[in-house]
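Printed here is query-v6.txt (compact mmCIF, C-alpha atoms):
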```txt
# COMPACT_ATOMS: atom_id res chain seq x y z
CA MET A 1 35.58 2.29 19.36
CA LEU A 2 32.46 2.55 21.45
CA LEU A 3 31.63 0.51 24.46
CA ALA A 4 28.44 -1.52 24.06
CA LEU A 5 26.51 -1.50 27.32
CA SER A 6 23.86 -4.13 27.90
CA GLU A 7 20.40 -3.21 29.26
CA GLU A 8 21.18 -4.86 32.56
CA HIS A 9 24.39 -2.89 32.83
CA LYS A 10 22.60 0.37 32.08
CA GLU A 11 20.05 -0.47 34.74
CA HIS A 12 22.72 -1.04 37.33
CA LEU A 13 24.42 2.20 36.47
CA SER A 14 21.14 4.14 36.62
CA PHE A 15 21.60 4.26 40.39
CA LEU A 16 24.54 6.60 40.05
CA PRO A 17 22.72 9.85 39.12
CA GLN A 18 20.54 9.41 42.19
CA VAL A 19 23.40 10.05 44.57
CA ASP A 20 25.69 13.05 44.73
CA SER A 21 29.11 13.11 43.10
CA ALA A 22 31.03 12.53 46.33
CA VAL A 23 29.28 9.20 46.64
CA VAL A 24 30.03 8.28 43.03
CA ALA A 25 33.68 9.11 43.61
CA GLU A 26 33.59 6.90 46.69
CA PHE A 27 32.03 4.08 44.67
CA GLY A 28 34.79 4.51 42.15
CA ARG A 29 37.40 4.19 44.85
CA ILE A 30 35.68 1.06 46.19
CA ALA A 31 35.52 -0.44 42.68
CA VAL A 32 39.27 -0.06 42.14
CA GLU A 33 40.00 -1.37 45.61
CA PHE A 34 37.91 -4.44 44.85
CA LEU A 35 39.93 -4.97 41.68
CA ARG A 36 43.09 -4.78 43.71
CA ARG A 37 42.06 -6.95 46.63
CA GLY A 38 38.81 -8.70 45.94
CA ALA A 39 35.23 -7.86 46.86
CA ASN A 40 34.16 -7.19 50.43
CA PRO A 41 30.35 -7.46 50.81
CA LYS A 42 30.31 -5.75 54.20
CA ILE A 43 31.08 -2.45 52.57
CA TYR A 44 27.90 -2.70 50.53
CA GLU A 45 25.79 -3.01 53.65
CA GLY A 46 27.38 -0.02 55.37
CA ALA A 47 26.86 2.14 52.30
CA ALA A 48 23.27 0.86 51.79
CA ARG A 49 22.28 1.89 55.30
CA LYS A 50 23.77 5.34 54.93
CA LEU A 51 22.07 5.96 51.61
CA ASN A 52 18.79 4.35 52.64
CA VAL A 53 18.65 1.89 49.75
CA SER A 54 18.90 -1.88 49.47
CA SER A 55 22.35 -3.41 49.61
CA ASP A 56 21.68 -5.06 46.24
CA THR A 57 21.30 -1.67 44.61
CA VAL A 58 24.62 -0.55 46.00
CA GLN A 59 26.26 -3.76 44.89
CA HIS A 60 24.93 -3.42 41.35
CA GLY A 61 26.04 0.16 41.20
CA VAL A 62 29.59 -0.67 42.23
CA GLU A 63 29.75 -3.72 39.98
CA GLY A 64 28.40 -1.73 37.05
CA LEU A 65 31.05 0.88 37.63
CA THR A 66 33.73 -1.79 37.92
CA TYR A 67 32.70 -3.39 34.65
CA LEU A 68 32.63 -0.01 32.92
CA LEU A 69 36.15 0.75 34.10
CA THR A 70 37.64 -2.66 33.30
CA GLU A 71 36.11 -2.89 29.82
CA SER A 72 37.28 0.60 28.96
CA SER A 73 40.77 -0.11 30.27
CA LYS A 74 40.97 -3.47 28.52
CA LEU A 75 40.10 -1.96 25.16
CA MET A 76 42.13 1.14 25.92
CA ILE A 77 39.44 3.37 24.41
CA SER A 78 40.15 7.01 23.82
CA GLU A 79 38.71 9.85 25.90
CA LEU A 80 36.32 10.76 23.13
CA ASP A 81 35.05 7.21 22.76
CA PHE A 82 34.57 6.89 26.49
CA GLN A 83 32.55 10.11 26.62
CA ASP A 84 30.43 8.98 23.68
CA SER A 85 29.82 5.56 25.24
CA VAL A 86 28.74 7.08 28.54
CA PHE A 87 26.62 9.69 26.82
CA VAL A 88 23.95 7.08 25.98
CA LEU A 89 23.29 6.66 29.68
CA GLY A 90 21.85 10.16 29.80
CA PHE A 91 23.77 11.30 32.82
CA SER A 92 24.49 14.88 33.78
CA GLU A 93 27.51 16.71 32.41
CA GLU A 94 29.08 16.69 35.87
CA LEU A 95 28.65 12.92 36.29
CA ASN A 96 30.08 12.23 32.84
CA LYS A 97 33.13 14.31 33.66
CA LEU A 98 33.55 12.46 36.95
CA LEU A 99 33.35 9.06 35.25
CA LEU A 100 35.87 10.13 32.61
CA GLN A 101 38.28 11.30 35.30
CA LEU A 102 37.83 8.02 37.15
CA TYR A 103 38.67 6.14 33.96
CA LEU A 104 41.77 8.17 33.13
CA ASP A 105 43.12 8.16 36.67
CA ASN A 106 42.85 4.43 37.13
CA ARG A 107 43.38 3.08 33.63
CA LYS A 108 47.07 2.27 33.99
CA GLU A 109 46.67 0.42 37.25
CA ILE A 110 43.68 -1.54 36.03
CA ARG A 111 45.61 -2.60 32.94
CA THR A 112 48.46 -3.81 35.14
CA ILE A 113 46.02 -5.89 37.17
CA LEU A 114 44.44 -7.31 34.01
CA SER A 115 47.84 -8.26 32.59
CA GLU A 116 48.34 -10.56 35.55
CA LEU A 117 45.42 -12.66 34.36
CA ALA A 118 47.17 -13.70 31.15
CA PRO A 119 48.55 -17.22 30.84
CA SER A 120 52.10 -17.00 31.94
CA LEU A 121 55.26 -18.98 31.97
CA PRO A 122 57.82 -18.72 34.68
CA SER A 123 59.52 -15.40 34.24
CA TYR A 124 63.09 -14.39 34.85
CA HIS A 125 63.81 -12.70 38.13
CA ASN A 126 67.54 -12.88 38.82
CA LEU A 127 70.74 -14.81 38.14
CA GLU A 128 73.58 -15.53 40.53
CA TRP A 129 76.79 -17.15 39.41
CA ARG A 130 79.93 -18.65 40.87
CA LEU A 131 83.19 -19.85 39.39
CA ASP A 132 84.29 -23.33 40.50
CA VAL A 133 87.26 -25.51 39.70
CA GLN A 134 86.95 -29.23 40.27
CA LEU A 135 90.22 -30.54 41.66
CA ALA A 136 89.50 -34.21 42.21
CA SER A 137 86.78 -36.81 42.28
CA ARG A 138 86.44 -40.36 43.42
CA SER A 139 87.43 -41.65 40.00
CA LEU A 140 90.14 -39.16 39.08
CA ARG A 141 92.62 -37.27 41.22
CA GLN A 142 94.58 -34.19 40.24
CA GLN A 143 92.07 -32.53 37.95
CA ILE A 144 91.65 -28.93 36.89
CA LYS A 145 88.13 -28.67 35.57
CA PRO A 146 86.61 -25.17 35.55
CA ALA A 147 82.87 -24.81 35.76
CA VAL A 148 80.38 -22.03 36.29
CA THR A 149 77.61 -22.67 38.81
CA ILE A 150 74.45 -20.67 38.21
CA LYS A 151 71.41 -20.04 40.38
CA LEU A 152 68.48 -18.96 38.28
CA HIS A 153 65.61 -17.20 40.08
CA LEU A 154 62.24 -17.50 38.40
CA ASN A 155 58.76 -16.21 39.28
CA GLN A 156 55.54 -17.93 38.42
CA ASN A 157 52.15 -16.73 39.62
CA GLY A 158 53.76 -15.14 42.60
CA ASP A 159 55.79 -18.20 43.52
CA HIS A 160 59.50 -17.79 43.66
CA ASN A 161 61.44 -20.71 42.21
CA THR A 162 65.19 -21.26 42.04
CA LYS A 163 67.16 -23.68 39.90
CA VAL A 164 70.82 -24.49 40.45
CA LEU A 165 72.64 -25.37 37.23
CA GLN A 166 76.14 -25.72 35.99
CA THR A 167 77.94 -25.13 32.74
CA ASP A 168 81.43 -25.24 31.30
CA PRO A 169 83.35 -22.22 29.97
CA ALA A 170 82.79 -23.06 26.30
CA THR A 171 79.02 -23.37 26.73
CA LEU A 172 78.97 -20.14 28.75
CA LEU A 173 80.52 -18.25 25.84
CA HIS A 174 78.04 -19.90 23.50
CA LEU A 175 75.12 -18.83 25.73
CA VAL A 176 76.33 -15.24 25.82
CA GLN A 177 76.75 -15.16 22.06
CA GLN A 178 73.31 -16.65 21.37
CA LEU A 179 71.48 -14.36 23.77
CA GLU A 180 73.28 -11.28 22.49
CA GLN A 181 72.05 -12.22 19.03
CA ALA A 182 68.54 -12.42 20.48
CA LEU A 183 68.85 -8.89 21.84
CA GLU A 184 70.20 -7.63 18.51
CA GLU A 185 67.08 -8.92 16.75
CA MET A 186 64.94 -6.16 18.22
CA LYS A 187 67.11 -3.62 16.45
CA THR A 188 66.74 -5.12 12.99
CA ASN A 189 64.66 -3.43 10.32
CA HIS A 190 62.12 -6.23 10.30
CA CYS A 191 61.29 -5.90 13.98
CA ARG A 192 61.34 -2.12 13.84
CA ARG A 193 58.84 -2.19 10.98
CA VAL A 194 56.51 -4.52 12.87
CA VAL A 195 56.62 -2.40 16.01
CA ARG A 196 55.99 0.75 13.99
CA ASN A 197 53.09 -0.61 12.02
CA ILE A 198 51.13 -2.69 14.49
CA LYS A 199 49.38 -0.28 16.76
CA MET B 200 97.92 -47.01 44.97
CA GLU B 201 96.34 -49.98 46.65
CA LEU B 202 96.24 -53.13 44.64
CA SER B 203 94.93 -56.51 45.70
CA GLU B 204 96.80 -59.79 45.71
CA SER B 205 94.67 -60.94 42.81
CA VAL B 206 96.06 -58.13 40.66
CA GLN B 207 99.58 -58.99 41.69
CA LYS B 208 99.09 -62.68 40.92
CA GLY B 209 97.62 -61.81 37.54
CA PHE B 210 100.62 -59.67 36.70
CA GLN B 211 103.05 -62.32 37.85
CA MET B 212 101.42 -64.71 35.38
CA LEU B 213 101.61 -62.07 32.67
CA ALA B 214 105.32 -61.64 33.36
CA ASP B 215 106.03 -65.28 32.74
CA PRO B 216 107.20 -65.89 29.16
CA GLY B 217 106.18 -69.53 29.59
CA SER B 218 102.46 -68.60 30.02
CA PHE B 219 102.44 -65.56 27.73
CA ASP B 220 104.87 -65.27 24.84
CA SER B 221 105.68 -61.77 23.47
CA ASN B 222 102.84 -61.79 20.98
CA ALA B 223 100.25 -62.98 23.49
CA PHE B 224 101.41 -60.39 26.02
CA THR B 225 101.06 -57.56 23.54
CA LEU B 226 97.62 -58.77 22.48
CA LEU B 227 96.36 -59.05 26.04
CA LEU B 228 97.71 -55.62 26.93
CA ARG B 229 96.01 -54.03 23.92
CA ALA B 230 92.79 -55.92 24.70
CA ALA B 231 92.81 -54.51 28.24
CA PHE B 232 93.12 -50.92 27.02
CA GLN B 233 90.58 -51.50 24.31
CA SER B 234 87.92 -52.91 26.60
CA LEU B 235 88.28 -49.91 28.88
CA LEU B 236 88.46 -47.14 26.35
CA ASP B 237 86.63 -48.27 23.29
CA ALA B 238 82.92 -47.63 23.73
CA GLN B 239 82.07 -50.23 21.12
CA ALA B 240 84.40 -52.93 22.36
CA ASP B 241 82.56 -56.20 22.30
CA GLU B 242 82.95 -59.07 24.70
CA ALA B 243 84.98 -61.04 22.16
CA VAL B 244 88.00 -58.81 22.72
CA LEU B 245 89.90 -61.80 24.10
CA ASP B 246 88.87 -64.08 21.26
CA HIS B 247 92.04 -63.67 19.22
CA PRO B 248 93.40 -66.87 17.58
CA ASP B 249 96.87 -66.21 19.06
CA LEU B 250 95.39 -66.32 22.57
CA LYS B 251 93.46 -69.57 22.08
CA HIS B 252 96.18 -71.77 23.51
CA ILE B 253 96.03 -70.11 26.91
CA ASP B 254 93.69 -71.38 29.61
CA PRO B 255 90.61 -69.07 29.51
CA VAL B 256 90.55 -68.73 33.32
CA VAL B 257 94.15 -67.49 33.28
CA LEU B 258 93.32 -65.19 30.37
CA LYS B 259 90.38 -63.62 32.22
CA HIS B 260 92.33 -63.23 35.44
CA CYS B 261 95.21 -61.47 33.71
CA HIS B 262 92.90 -59.29 31.65
CA ALA B 263 91.05 -58.21 34.80
CA ALA B 264 94.32 -57.57 36.63
CA ALA B 265 95.67 -55.45 33.80
CA ALA B 266 92.42 -53.45 33.51
CA THR B 267 92.30 -52.84 37.27
CA TYR B 268 95.87 -51.66 37.35
CA ILE B 269 95.40 -49.37 34.36
CA LEU B 270 92.41 -47.72 36.04
CA GLU B 271 94.23 -47.25 39.33
CA ALA B 272 97.25 -45.80 37.55
CA GLY B 273 95.02 -43.46 35.56
CA LYS B 274 93.11 -42.38 38.68
CA HIS B 275 96.27 -41.36 40.49
CA GLY B 276 98.10 -40.00 37.46
CA ALA B 277 100.97 -42.44 37.90
CA ASP B 278 104.21 -41.60 36.18
CA LYS B 279 106.62 -43.90 34.39
CA SER B 280 108.81 -44.58 37.39
CA THR B 281 105.83 -45.63 39.53
CA LEU B 282 104.70 -47.99 36.79
CA SER B 283 108.20 -49.42 36.31
CA THR B 284 108.68 -50.00 40.03
CA TYR B 285 105.46 -51.96 40.37
CA LEU B 286 106.03 -53.99 37.22
CA GLU B 287 109.57 -54.81 38.29
CA ASP B 288 108.18 -56.10 41.59
CA CYS B 289 105.93 -58.38 39.55
CA LYS B 290 108.98 -59.73 37.79
CA PHE B 291 108.35 -58.09 34.40
CA ASP B 292 111.39 -58.04 32.15
CA ARG B 293 112.68 -54.76 30.69
CA GLU B 294 111.05 -55.28 27.32
CA ARG B 295 107.58 -55.88 28.77
CA ILE B 296 107.90 -52.88 31.10
CA GLU B 297 108.78 -50.66 28.13
CA LEU B 298 105.83 -52.02 26.16
CA PHE B 299 103.40 -51.43 29.03
CA CYS B 300 104.64 -47.88 29.59
CA THR B 301 104.39 -47.03 25.91
CA GLU B 302 100.84 -48.34 25.64
CA TYR B 303 99.91 -46.50 28.81
CA GLN B 304 101.40 -43.26 27.53
CA ASN B 305 99.52 -43.58 24.24
CA ASN B 306 96.21 -44.06 25.98
CA LYS B 307 96.72 -41.76 28.94
CA ASN B 308 94.62 -38.84 27.64
CA SER B 309 91.65 -41.00 26.72
CA LEU B 310 91.87 -42.69 30.08
CA GLU B 311 91.81 -39.40 31.95
CA ILE B 312 88.86 -38.13 29.95
CA LEU B 313 86.97 -41.32 30.69
CA LEU B 314 87.66 -41.20 34.42
CA GLY B 315 86.92 -37.50 34.61
CA SER B 316 83.51 -37.99 33.08
CA ILE B 317 82.38 -40.40 35.79
CA GLY B 318 80.66 -38.82 38.73
CA ARG B 319 77.73 -36.78 39.91
CA SER B 320 77.29 -33.17 39.11
CA LEU B 321 74.62 -30.52 38.99
CA PRO B 322 72.34 -30.45 35.97
CA HIS B 323 74.50 -29.23 33.13
CA ILE B 324 73.35 -26.59 30.64
CA MET B 325 73.95 -27.83 27.13
CA ASP B 326 72.32 -25.28 24.92
CA VAL B 327 69.96 -22.33 24.78
CA SER B 328 67.23 -21.45 22.34
CA TRP B 329 65.21 -18.26 22.24
CA ARG B 330 62.11 -16.85 20.68
CA LEU B 331 61.21 -13.21 20.21
CA GLU B 332 57.51 -12.37 20.20
CA TYR B 333 55.45 -9.24 20.02
CA GLN B 334 52.47 -9.40 22.36
CA ILE B 335 49.38 -7.78 20.89
CA LYS B 336 46.52 -8.80 23.10
CA THR B 337 45.16 -11.33 25.57
CA ASN B 338 41.54 -12.06 26.24
CA GLN B 339 41.79 -9.82 29.28
CA LEU B 340 43.85 -7.02 27.85
CA HIS B 341 43.77 -5.58 24.35
CA ARG B 342 46.28 -3.33 22.64
CA MET B 343 49.29 -4.48 24.59
CA TYR B 344 52.14 -4.04 22.05
CA ARG B 345 55.21 -5.15 23.84
CA PRO B 346 58.06 -7.43 22.83
CA ALA B 347 58.91 -10.44 24.97
CA TYR B 348 61.46 -13.20 24.82
CA LEU B 349 60.99 -16.88 25.56
CA VAL B 350 64.27 -18.56 26.51
CA THR B 351 64.72 -22.30 26.80
CA LEU B 352 67.77 -23.93 28.36
CA SER B 353 68.39 -27.58 27.53
CA VAL B 354 69.82 -29.32 30.50
CA GLN B 355 71.46 -32.69 30.96
CA ASN B 356 71.09 -34.50 34.23
CA THR B 357 73.65 -37.07 35.35
CA ASP B 358 71.07 -38.91 37.41
CA SER B 359 68.41 -39.45 34.82
CA PRO B 360 69.07 -39.92 31.14
CA SER B 361 66.30 -37.47 30.31
CA TYR B 362 66.90 -33.99 28.95
CA PRO B 363 64.54 -31.69 30.80
CA GLU B 364 64.19 -28.14 29.62
CA ILE B 365 63.90 -24.98 31.61
CA SER B 366 61.80 -22.33 29.90
CA PHE B 367 61.08 -18.85 31.05
CA SER B 368 59.88 -15.60 29.60
CA CYS B 369 61.52 -12.24 30.02
CA SER B 370 61.26 -8.69 28.83
CA MET B 371 64.02 -6.97 26.92
CA GLU B 372 65.35 -5.33 30.09
CA GLN B 373 65.39 -8.63 31.93
CA LEU B 374 67.24 -10.33 29.07
CA GLN B 375 69.80 -7.53 29.11
CA ASP B 376 70.25 -8.12 32.82
CA LEU B 377 70.69 -11.85 32.26
CA VAL B 378 73.21 -11.38 29.46
CA GLY B 379 75.09 -8.77 31.49
CA LYS B 380 75.48 -11.16 34.37
CA LEU B 381 76.62 -14.02 32.12
CA LYS B 382 79.17 -11.70 30.54
CA ASP B 383 80.48 -10.80 34.00
CA ALA B 384 80.92 -14.50 34.68
CA SER B 385 82.83 -15.11 31.46
CA LYS B 386 85.06 -12.05 32.00
CA SER B 387 85.81 -13.31 35.46
CA LEU B 388 86.68 -16.69 33.98
CA GLU B 389 89.07 -15.06 31.50
CA ARG B 390 90.79 -13.14 34.26
CA ALA B 391 91.13 -16.27 36.37
CA THR B 392 92.81 -18.17 33.54
CA GLN B 393 95.35 -15.39 33.13
CA LEU B 394 96.52 -15.51 36.72
```
Have the structure of the file written as structure tokens, please.
Amino acid sequence: MLLALSEEHKEHLSFLPQVDSAVVAEFGRIAVEFLRRGANPKIYEGAARKLNVSSDTVQHGVEGLTYLLTESSKLMISELDFQDSVFVLGFSEELNKLLLQLYLDNRKEIRTILSELAPSLPSYHNLEWRLDVQLASRSLRQQIKPAVTIKLHLNQNGDHNTKVLQTDPATLLHLVQQLEQALEEMKTNHCRRVVRNIK
Amino acid sequence: MELSESVQKGFQMLADPGSFDSNAFTLLLRAAFQSLLDAQADEAVLDHPDLKHIDPVVLKHCHAAAATYILEAGKHGADKSTLSTYLEDCKFDRERIELFCTEYQNNKNSLEILLGSIGRSLPHIMDVSWRLEYQIKTNQLHRMYRPAYLVTLSVQNTDSPSYPEISFSCSMEQLQDLVGKLKDASKSLERATQL
């Protein structure tokens, strides 16, 4: 699958052959850093002064590179497809190789960052449990009522959330049985076939 | 057990064969148990034709006294001798004491279940449901291909009558971790019951 680059995008990237490969590598590093932490405009100005070009040009170059890397990572295109897509830009062999290396080196991390953008539900983090026996209450003395107290740790969008819950022994066994069935499902033929065939 | 004068007076009236003959006594006793334990007991539990000849104020007082005493006895797990002692002090004859103790014994389990269910507790997990999905792509990330589980716990809260649900997603490894920990808890429970 080839990457379709718009005219504007190609224009932004046309800055890259005008600088030497060390600079392109540096731009690549900046692009990934911006994906990790967010853009920092001051860096554009420093680089613009050193290279004797406008800060807009630098910005477009970095953004073009960023977009190239994220689109390629999102679609998970193969090496060959990436090379073919970049070929239309008419860059030198050396630059193409550099861009390919940049893509392959950073693809995994970029995909991890992109996966954080998906809609998400609270996700499981940890479970703590405690065995309790209720011995008496205001309305009934001399009881023996076992219970399991559970602290469920959940994560949502970086926020850590805990819920304290309780259950009785019978329900606990039921929960274990139901969830074990859930785990078993992945091993059935049906699921195996789906996993094998959808790629 | 601490019982008020009102309860004692009520019982003294119940003891008197002049105010309550055998039949009336039995009916009132059964009515007291019924109004406590039967969820569908209606307010007409005292409206029996064989109780019509008794002054309604007296009837209500004795019914309330009996119900109060039954609850107190149930709360403290009173045994037969405790019951007999108190009833003797209220001038109950042997026959009525025996009747009371038999009725109490018959209803003791239900009474304890009822009293045990009153009270505050943490939100209680009632059930779990799960969903297995295979994630293919999002608008930000194509070609994902990984299985994920969505687990929902239905929870009952003593404070509010609502049934909130707690949902969360987890990967296969995380679900294995969760199940492992729950199994530890249930093994620990088994060991504790064998001590």
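When CA of Phe367 in chain B is paired with CA of Thr337 in chain B, their separation reads 18.4 Å.
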Best match for closeness to chain B among A:Leu75, A:Leu68, A:Ile110, A:Ile144, counting all atoms listed in the file: A:Leu75
Contact residues (chain B, partner chain A, 7 Å, all atoms listed in the file) as a list in words: Lys274, His275, Leu314, Gly315, Ile317, Leu321, Pro322, His323, Ile324, Met325, Val327, Trp329, Thr337, Gln339, Leu340, His341, Arg342, Phe367, Ser368, Cys369, Gln373, Leu377, Val378, Leu381, Lys382, Ala384 and Ser385 of chain B
From B:Val354, B:Glu311, B:Ala266, B:Tyr348, residue lying nearest Gln375 in chain B [all atoms listed in the file]: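 That would be B:Tyr348, the residue with the smallest distance to Gln375 in chain B.
When all atoms listed in the file are used to compute distances to Val88 in chain A, the closest of the residues A:Phe34, A:Leu104, A:Arg196, A:Lys10 turns out to be A:Lys10.
Across the model, the gap from CA of Ser309 in chain B to CA of Gln239 in chain B is 14.4 Å.
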Distance of CA of Lys50 in chain A from CA of Asn106 in chain A, expressed in Å to one decimal place: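 That distance, rounded to one decimal, is 26.1 Å.
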Residues near Leu16 in chain A, cut-off 12 Å, all atoms listed in the file, skip fewer than 5 positions along chain, as a VMD selection string: chain A and resid 9 to 11 21 to 28 51 57 to 65 89 to 92 94 to 96 98 to 99
Contacts of Val257 in chain B at 12 Å (all atoms listed in the file; same-chain gap of 5+ positions) as a list in words: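 After dropping sequence-adjacent residues, the list is Ser205, Lys208, Gly209, Phe210, Gln211, Met212, Leu213, Ser218, Phe219, Leu227, Leu245, Leu250, Lys251, His252, His262, Ala263 and Ala264 of chain B.
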For Glu302 in chain B: contacts at 9 Å, all atoms listed in the file, fewer than 3 positions along chain excluded, given as a JSON list (two decimals) with C-alpha atoms, in the frame of the given file:
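Output below, filename selection_26.json:
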```json
[["chain", "number", "residue", "atom", "x", "y", "z"],
["B", 228, "LEU", "CA", 97.71, -55.62, 26.93],
["B", 229, "ARG", "CA", 96.01, -54.03, 23.92],
["B", 232, "PHE", "CA", 93.12, -50.92, 27.02],
["B", 297, "GLU", "CA", 108.78, -50.66, 28.13],
["B", 298, "LEU", "CA", 105.83, -52.02, 26.16],
["B", 299, "PHE", "CA", 103.40, -51.43, 29.03],
["B", 305, "ASN", "CA", 99.52, -43.58, 24.24],
["B", 306, "ASN", "CA", 96.21, -44.06, 25.98],
["B", 307, "LYS", "CA", 96.72, -41.76, 28.94]]
```
